[in-house]
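So the structure is just underneath, and the comments pick up after that.
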Number of protein chains: 2
Amino acid sequence: MGDVRWLDEREAAAWRGLQAMQMQLNATLARELAGESDLSYPDYMVLVALTDHPDGRRRPFELGHDLGWEKSRVSHHVSRMVSRGLVTRDKCPNDQRGSFVVITDKGRAAITAAAPGHVASVRRYVIDRLTPAQLDALTGISVAVVAALEEAEAEHEDRVGRAAGARGNASAGADPRGNGAGPDRTNRSER
Amino acid sequence: MGDVRWLDEREAAAWRGLQAMQMQLNATLARELAGESDLSYPDYMVLVALTDHPDGRRRPFELGHDLGWEKSRVSHHVSRMVSRGLVTRDKCPNDQRGSFVVITDKGRAAITAAAPGHVASVRRYVIDRLTPAQLDALTGISVAVVAALEEAEAEHEDRVGRAAGARGNASAGADPRGNGAGPDRTNRSER
DNA sequence: CAAACACAGATGACGTATCAACTATTTCCT
DNA sequence: AGGAAATAGTTGATACGTCATCTGTGTTTG
C-alpha cells in the first residue's frame, strides 16, 4: 500500500493549468473589481445573492447556502458590510433565533455600478477567450469535479456527520433551488 | 457605451461551473491536507518549490516567481514557517540585500509525509474523474485564460508600470524556467 | 411535559492575503 | 565617480476565512 500514483505529463499539465488559472484569475478579477468599485469580491457575491430576490432580504443561513459559505463566514462578512452601510440586519418575526440581511440603497447602487465592469472582466479573461466547445467542456469538467466533491462529502456525512455532535454546515447538500444556478449578476439585468 | 453584454445560458453555465469548482475544490484540498499533515496548502506549495531544487534553497524573490506570489506574501509566509521550524533564513553572500529560504529536515519530513495524500486527493477529485479528452480540454482552457491575463498584465505595464514609481511585483513576466512547469509535487518522486 | 437534541447565529482566536510604506543594497547612466 | 532608479526584502494595517465555542431558540421524543 505504499506506492503512489504520481501524475503523468498529461495529467500534470492539466493540474498545473487549473491551478495557475484559478490563482491568477481570482487575483485579477478581485483587483479589477476593487479598483473600479469599492466592493470586494465577497461583497459583490453577497449583494448579488441579495438582489437575486425581489425584496433584497435573505436569512443568513440561506445566504450561506446560496454562496457555499459556512455560517461563520457569512456572519463575519455581513458584519463588515453592515459597518460600511451596504446591508443591514433585521429581526425575523417567525423565528426568534434568526435575522434577515437586507440590502440598502447604497448597496444597490454599488452593485448596479459594479456589475457591468465585472461582467466585462469575466468576458475579457474567460468567456470571450474560449470557443463554444471549450465553454461546454468547461461546464462538463466542473460538473464532474463538483460531483466528486459532493459524493465525498456525502460519504463523510454518513461515516461521521450524523453521529455525535451536530456540525452545522452549509454547502454540502443539494441545491435548494431547482437548478444549480448560483448567484452571479453576469446574466441578468439588475432588478 | 451604456449597454452590457450579459452572459447567455451556455456562458453562464460555464462560468458558474468554474466558480463552483474552484471554491469547493480549494476548500476540500486545503481541508484534507490540513487534516492529514500539519501543513496548510500554502506551506505545501512553498515546500514543494524548495524541494524542486536539489539544495532546498531558494531566494525569496525566486519563490515568489515560482509560486506567483507577491514579495510581501512570501515574506510573511516564510516568517510563519520559520517560526514553526519548517524552513530557515540564510544570509546571501553575493547580494547583501538578499537572503535564502532553506528547507529544514522537519520541512522535508513534512512534505514527504504529506505528498502522497495530496496527490491522492487531486486524483480523487479531479484527475481520475476526467477523461483524457477532458484533461486536454482543461489544459487548453487554462492556457487560453492565462494568456489573456498575461496580455492584460503586459498592457498594463506598458501604460502605467514602467513610468513612475517602481512597483516591485512577481507573477507578471514570463516563466524564468524553460517550460511553464510550476512546482507541484504531484508528478515526481521526492528528491 | 421535560430532557435531549438540532438549528440559527455571533464571537474570539488565529492563519492567510493584499496594500502601502519603508530600509538597505545594487545597478545604471552619464 | 556619483546621483537616480531599480531591486530585495521587511513591516504594519486591514480584510478575509476557518475553527472551536457559546448563546439562545425551536423541535423531538420518551
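Residue numbers start at 1 in each chain; chains themselves are named A, B, ... in the order of the C-alpha cells; ligands are numbered from 1 in the order shown.
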List the neighbours of DC16 in chain D out to 12 Å using only C-alpha atoms (C1' of nucleotides); skip same-chain residues closer than 5 positions along the sequence, and give me the result as a PyMOL selection string. (chain A and resi 40-43+72-74+76-77+80) or (chain C and resi 15-18)
Find the residues of chain B that sit at most 9 Å from chain D; for each, write down the nearest two atoms and how far apart they are in Å, to one decimal. Count only C-alpha atoms (C1' of nucleotides). Sort by chain, then by number going up, and give it as CSV.
residue,atom,partner,partner_atom,distance
B:Pro60,CA,D:DG9,C1',8.1
B:Phe61,CA,D:DA8,C1',7.4
B:Lys71,CA,D:DG9,C1',7.7
B:Ser72,CA,D:DT10,C1',8.0
B:Ser75,CA,D:DT10,C1',7.3
B:His76,CA,D:DT10,C1',8.7
B:Asp95,CA,D:DA8,C1',8.8
B:Arg97,CA,D:DA8,C1',5.5
B:Gly98,CA,D:DA8,C1',5.5
B:Ser99,CA,D:DG9,C1',8.3
B:Ala166,CA,D:DA6,C1',6.9
B:Gly168,CA,D:DT7,C1',7.6
What lies within 8 Å of Ala148 in chain B using only C-alpha atoms (C1' of nucleotides), ignoring chain neighbours under 6 positions off, as a ChimeraX atom specification? /A:124-126,129
Mind writing the picked residues with N, CA and C atoms as a compact mmCIF listing (two decimals), in the first residue's frame?
# COMPACT_ATOMS: atom_id res chain seq x y z
N ARG A 124 -13.67 39.26 -20.76
CA ARG A 124 -12.35 39.53 -21.32
C ARG A 124 -11.36 38.42 -21.04
N TYR A 125 -11.42 37.89 -19.81
CA TYR A 125 -10.39 36.92 -19.44
C TYR A 125 -10.84 35.47 -19.64
N VAL A 126 -12.13 35.26 -19.70
CA VAL A 126 -12.58 33.87 -19.79
C VAL A 126 -13.49 33.65 -20.99
N ARG A 129 -12.59 34.33 -24.55
CA ARG A 129 -11.36 33.67 -24.96
C ARG A 129 -11.58 32.21 -25.32
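Between CA of Cys92 in chain A and CA of His65 in chain A there is a distance of 17.9 Å.
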DSSP on the backbone: what in range 1-182 of chain A comes out alpha helix (DSSP H), as a PyMOL selection string? chain A and resi 9-37+41-51+60-67+71-83+105-125+132-156
Within 10 Å of chain A, which residues belong to chain C? Use only C-alpha atoms (C1' of nucleotides) and report them as a CSV table (one decimal) with C-alpha atoms (C1' of nucleotides), in the first residue's frame.
chain,number,residue,atom,x,y,z
C,5,DC,C1',-31.2,17.4,20.5
C,6,DA,C1',-30.9,20.3,16.4
C,7,DC,C1',-30.6,24.8,14.5
C,8,DA,C1',-29.5,30.0,13.7
C,9,DG,C1',-26.4,32.9,14.6
C,10,DA,C1',-22.5,35.6,17.0
C,11,DT,C1',-17.8,35.8,18.7
C,18,DT,C1',-3.0,42.5,0.0
Nearest residue to chain A out of B:Ala34, B:Leu39, B:Leu47, B:Ala115, using only C-alpha atoms? B:Ala115
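Minimum atom-to-atom distances from A:Thr131, A:Ser142, A:Gln19, A:Ser121 to chain B were compared using only C-alpha atoms, and the lowest value belongs to A:Ser142.
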Tell me as an MDAnalysis selection string which residues belonging to chain A come within 8 Å of chain B, counting only C-alpha atoms. chainID A and resid 4:18 20:22 24:25 28 116 119:120 124:127 129:130 134:139 141:146 148:149 181:182 184 186:189
Just-selected residues, N, CA and C atoms written as a compact mmCIF listing (two decimals), in the first residue's frame:
# COMPACT_ATOMS: atom_id res chain seq x y z
N VAL A 4 2.76 5.37 -4.67
CA VAL A 4 1.89 6.49 -5.03
C VAL A 4 1.79 6.59 -6.54
N ARG A 5 0.61 6.86 -7.03
CA ARG A 5 0.45 7.10 -8.47
C ARG A 5 0.63 8.60 -8.73
N TRP A 6 1.84 9.00 -9.05
CA TRP A 6 2.08 10.40 -9.37
C TRP A 6 1.40 10.73 -10.70
N LEU A 7 1.36 11.98 -11.01
CA LEU A 7 0.71 12.38 -12.25
C LEU A 7 1.66 12.25 -13.44
N ASP A 8 1.14 11.76 -14.54
CA ASP A 8 1.97 11.75 -15.74
C ASP A 8 1.92 13.13 -16.40
N GLU A 9 2.61 13.26 -17.52
CA GLU A 9 2.75 14.60 -18.10
C GLU A 9 1.41 15.23 -18.49
N ARG A 10 0.57 14.45 -19.08
CA ARG A 10 -0.72 14.97 -19.50
C ARG A 10 -1.54 15.42 -18.28
N GLU A 11 -1.55 14.59 -17.27
CA GLU A 11 -2.29 14.91 -16.06
C GLU A 11 -1.70 16.13 -15.37
N ALA A 12 -0.39 16.16 -15.30
CA ALA A 12 0.26 17.27 -14.62
C ALA A 12 0.00 18.59 -15.35
N ALA A 13 -0.02 18.53 -16.67
CA ALA A 13 -0.29 19.76 -17.43
C ALA A 13 -1.67 20.30 -17.10
N ALA A 14 -2.63 19.41 -17.03
CA ALA A 14 -3.99 19.84 -16.72
C ALA A 14 -4.06 20.41 -15.31
N TRP A 15 -3.43 19.74 -14.38
CA TRP A 15 -3.50 20.18 -12.99
C TRP A 15 -2.77 21.50 -12.78
N ARG A 16 -1.59 21.61 -13.36
CA ARG A 16 -0.87 22.88 -13.28
C ARG A 16 -1.67 24.00 -13.90
N GLY A 17 -2.26 23.71 -15.03
CA GLY A 17 -3.04 24.73 -15.71
C GLY A 17 -4.20 25.19 -14.87
N LEU A 18 -4.91 24.26 -14.31
CA LEU A 18 -6.06 24.62 -13.48
C LEU A 18 -5.62 25.50 -12.32
N ALA A 20 -2.90 27.38 -12.03
CA ALA A 20 -2.45 28.69 -12.47
C ALA A 20 -3.64 29.56 -12.84
N MET A 21 -4.56 28.99 -13.57
CA MET A 21 -5.74 29.74 -13.98
C MET A 21 -6.50 30.24 -12.77
N GLN A 22 -6.75 29.37 -11.85
CA GLN A 22 -7.50 29.75 -10.66
C GLN A 22 -6.87 30.92 -9.94
N GLN A 24 -4.47 33.10 -10.74
CA GLN A 24 -4.30 34.37 -11.43
C GLN A 24 -5.65 35.00 -11.76
N LEU A 25 -6.60 34.18 -12.12
CA LEU A 25 -7.91 34.72 -12.48
C LEU A 25 -8.56 35.37 -11.27
N THR A 28 -6.87 38.65 -10.36
CA THR A 28 -7.14 39.73 -11.30
C THR A 28 -8.58 40.23 -11.18
N PRO A 116 -21.55 45.86 -14.50
CA PRO A 116 -21.09 45.86 -15.89
C PRO A 116 -19.58 45.64 -16.03
N VAL A 119 -18.74 41.93 -15.32
CA VAL A 119 -19.07 41.05 -16.45
C VAL A 119 -18.07 41.24 -17.57
N ALA A 120 -17.69 42.48 -17.79
CA ALA A 120 -16.72 42.75 -18.85
C ALA A 120 -15.41 42.01 -18.55
N ARG A 124 -13.67 39.26 -20.76
CA ARG A 124 -12.35 39.53 -21.32
C ARG A 124 -11.36 38.42 -21.04
N TYR A 125 -11.42 37.89 -19.81
CA TYR A 125 -10.39 36.92 -19.44
C TYR A 125 -10.84 35.47 -19.64
N VAL A 126 -12.13 35.26 -19.70
CA VAL A 126 -12.58 33.87 -19.79
C VAL A 126 -13.49 33.65 -20.99
N ILE A 127 -14.69 34.16 -20.89
CA ILE A 127 -15.73 33.75 -21.84
C ILE A 127 -15.35 34.04 -23.28
N ARG A 129 -12.59 34.33 -24.55
CA ARG A 129 -11.36 33.67 -24.96
C ARG A 129 -11.58 32.21 -25.32
N LEU A 130 -12.75 31.71 -25.04
CA LEU A 130 -12.99 30.29 -25.23
C LEU A 130 -13.99 30.06 -26.36
N GLN A 134 -15.17 24.83 -26.01
CA GLN A 134 -14.43 24.92 -24.75
C GLN A 134 -15.34 25.30 -23.59
N LEU A 135 -16.31 26.16 -23.86
CA LEU A 135 -17.27 26.52 -22.81
C LEU A 135 -18.00 25.27 -22.33
N ASP A 136 -18.45 24.48 -23.28
CA ASP A 136 -19.17 23.27 -22.89
C ASP A 136 -18.25 22.28 -22.16
N ALA A 137 -17.03 22.20 -22.64
CA ALA A 137 -16.09 21.31 -21.98
C ALA A 137 -15.87 21.76 -20.54
N LEU A 138 -15.75 23.05 -20.36
CA LEU A 138 -15.54 23.58 -19.01
C LEU A 138 -16.72 23.25 -18.11
N THR A 139 -17.90 23.40 -18.65
CA THR A 139 -19.08 23.04 -17.87
C THR A 139 -19.03 21.57 -17.47
N ILE A 141 -16.47 19.56 -17.22
CA ILE A 141 -15.40 19.32 -16.25
C ILE A 141 -15.84 19.75 -14.85
N SER A 142 -16.43 20.93 -14.78
CA SER A 142 -16.87 21.44 -13.47
C SER A 142 -17.90 20.51 -12.86
N VAL A 143 -18.82 20.07 -13.66
CA VAL A 143 -19.86 19.19 -13.15
C VAL A 143 -19.24 17.91 -12.59
N ALA A 144 -18.28 17.37 -13.32
CA ALA A 144 -17.66 16.12 -12.87
C ALA A 144 -16.92 16.32 -11.56
N VAL A 145 -16.17 17.40 -11.47
CA VAL A 145 -15.38 17.64 -10.26
C VAL A 145 -16.28 17.95 -9.07
N VAL A 146 -17.26 18.79 -9.30
CA VAL A 146 -18.17 19.12 -8.21
C VAL A 146 -18.92 17.87 -7.74
N ALA A 148 -17.78 14.86 -7.78
CA ALA A 148 -16.83 14.07 -6.98
C ALA A 148 -16.73 14.64 -5.57
N LEU A 149 -16.68 15.95 -5.49
CA LEU A 149 -16.56 16.58 -4.18
C LEU A 149 -17.81 16.32 -3.34
N ALA A 181 -28.25 26.92 -10.45
CA ALA A 181 -27.82 28.27 -10.77
C ALA A 181 -27.44 29.06 -9.52
N GLY A 182 -26.17 29.35 -9.38
CA GLY A 182 -25.74 30.19 -8.28
C GLY A 182 -25.93 31.65 -8.66
N ASP A 184 -24.89 35.39 -9.55
CA ASP A 184 -23.75 35.80 -10.33
C ASP A 184 -23.79 37.21 -10.84
N THR A 186 -24.20 38.06 -13.77
CA THR A 186 -23.50 38.12 -15.04
C THR A 186 -24.46 37.86 -16.18
N ASN A 187 -25.63 37.37 -15.90
CA ASN A 187 -26.54 37.01 -16.98
C ASN A 187 -27.94 37.56 -16.81
N ARG A 188 -28.13 38.48 -15.90
CA ARG A 188 -29.43 39.09 -15.80
C ARG A 188 -29.21 40.59 -15.73
N SER A 189 -30.19 41.33 -16.19
CA SER A 189 -30.12 42.76 -15.92
C SER A 189 -30.51 42.95 -14.47
Could you jot down the CA of Val102 in chain A to CA of Asp55 in chain A separation for me, Å, one decimal place? 8.2 Å
For Ala109 in chain B: contacts at 12 Å, only C-alpha atoms (C1' of nucleotides), fewer than 6 positions along chain excluded, given as a PyMOL selection string: chain B and resi 37-39+44+47-48+51+85-87+103+115+190-191
Would you export the selected residues with C-alpha atoms as a compact mmCIF listing (two decimals), in the first residue's frame, please?
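That gives us again04.txt:
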# COMPACT_ATOMS: atom_id res chain seq x y z
CA SER B 37 -0.45 16.69 7.78
CA ASP B 38 0.05 19.82 9.89
CA LEU B 39 0.68 21.69 6.66
CA TYR B 44 2.83 22.77 0.97
CA LEU B 47 7.99 23.29 0.47
CA VAL B 48 7.41 21.85 -2.98
CA THR B 51 12.36 20.64 -2.87
CA GLY B 85 10.65 25.15 12.08
CA LEU B 86 9.80 24.16 8.50
CA VAL B 87 12.37 26.46 6.90
CA ILE B 103 14.11 23.80 3.94
CA ALA B 115 2.67 14.49 -0.71
CA GLU B 190 10.64 13.20 -3.86
CA ARG B 191 14.23 14.13 -4.11
Got a sec to tell me which of range 40-173 of chain B DSSP assigns to strand (DSSP E), as a ChimeraX atom specification? /B:57-58,87-91,99-103
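What separates CA of Asn94 in chain A from CA of Lys106 in chain A is a distance of 27.4 Å.
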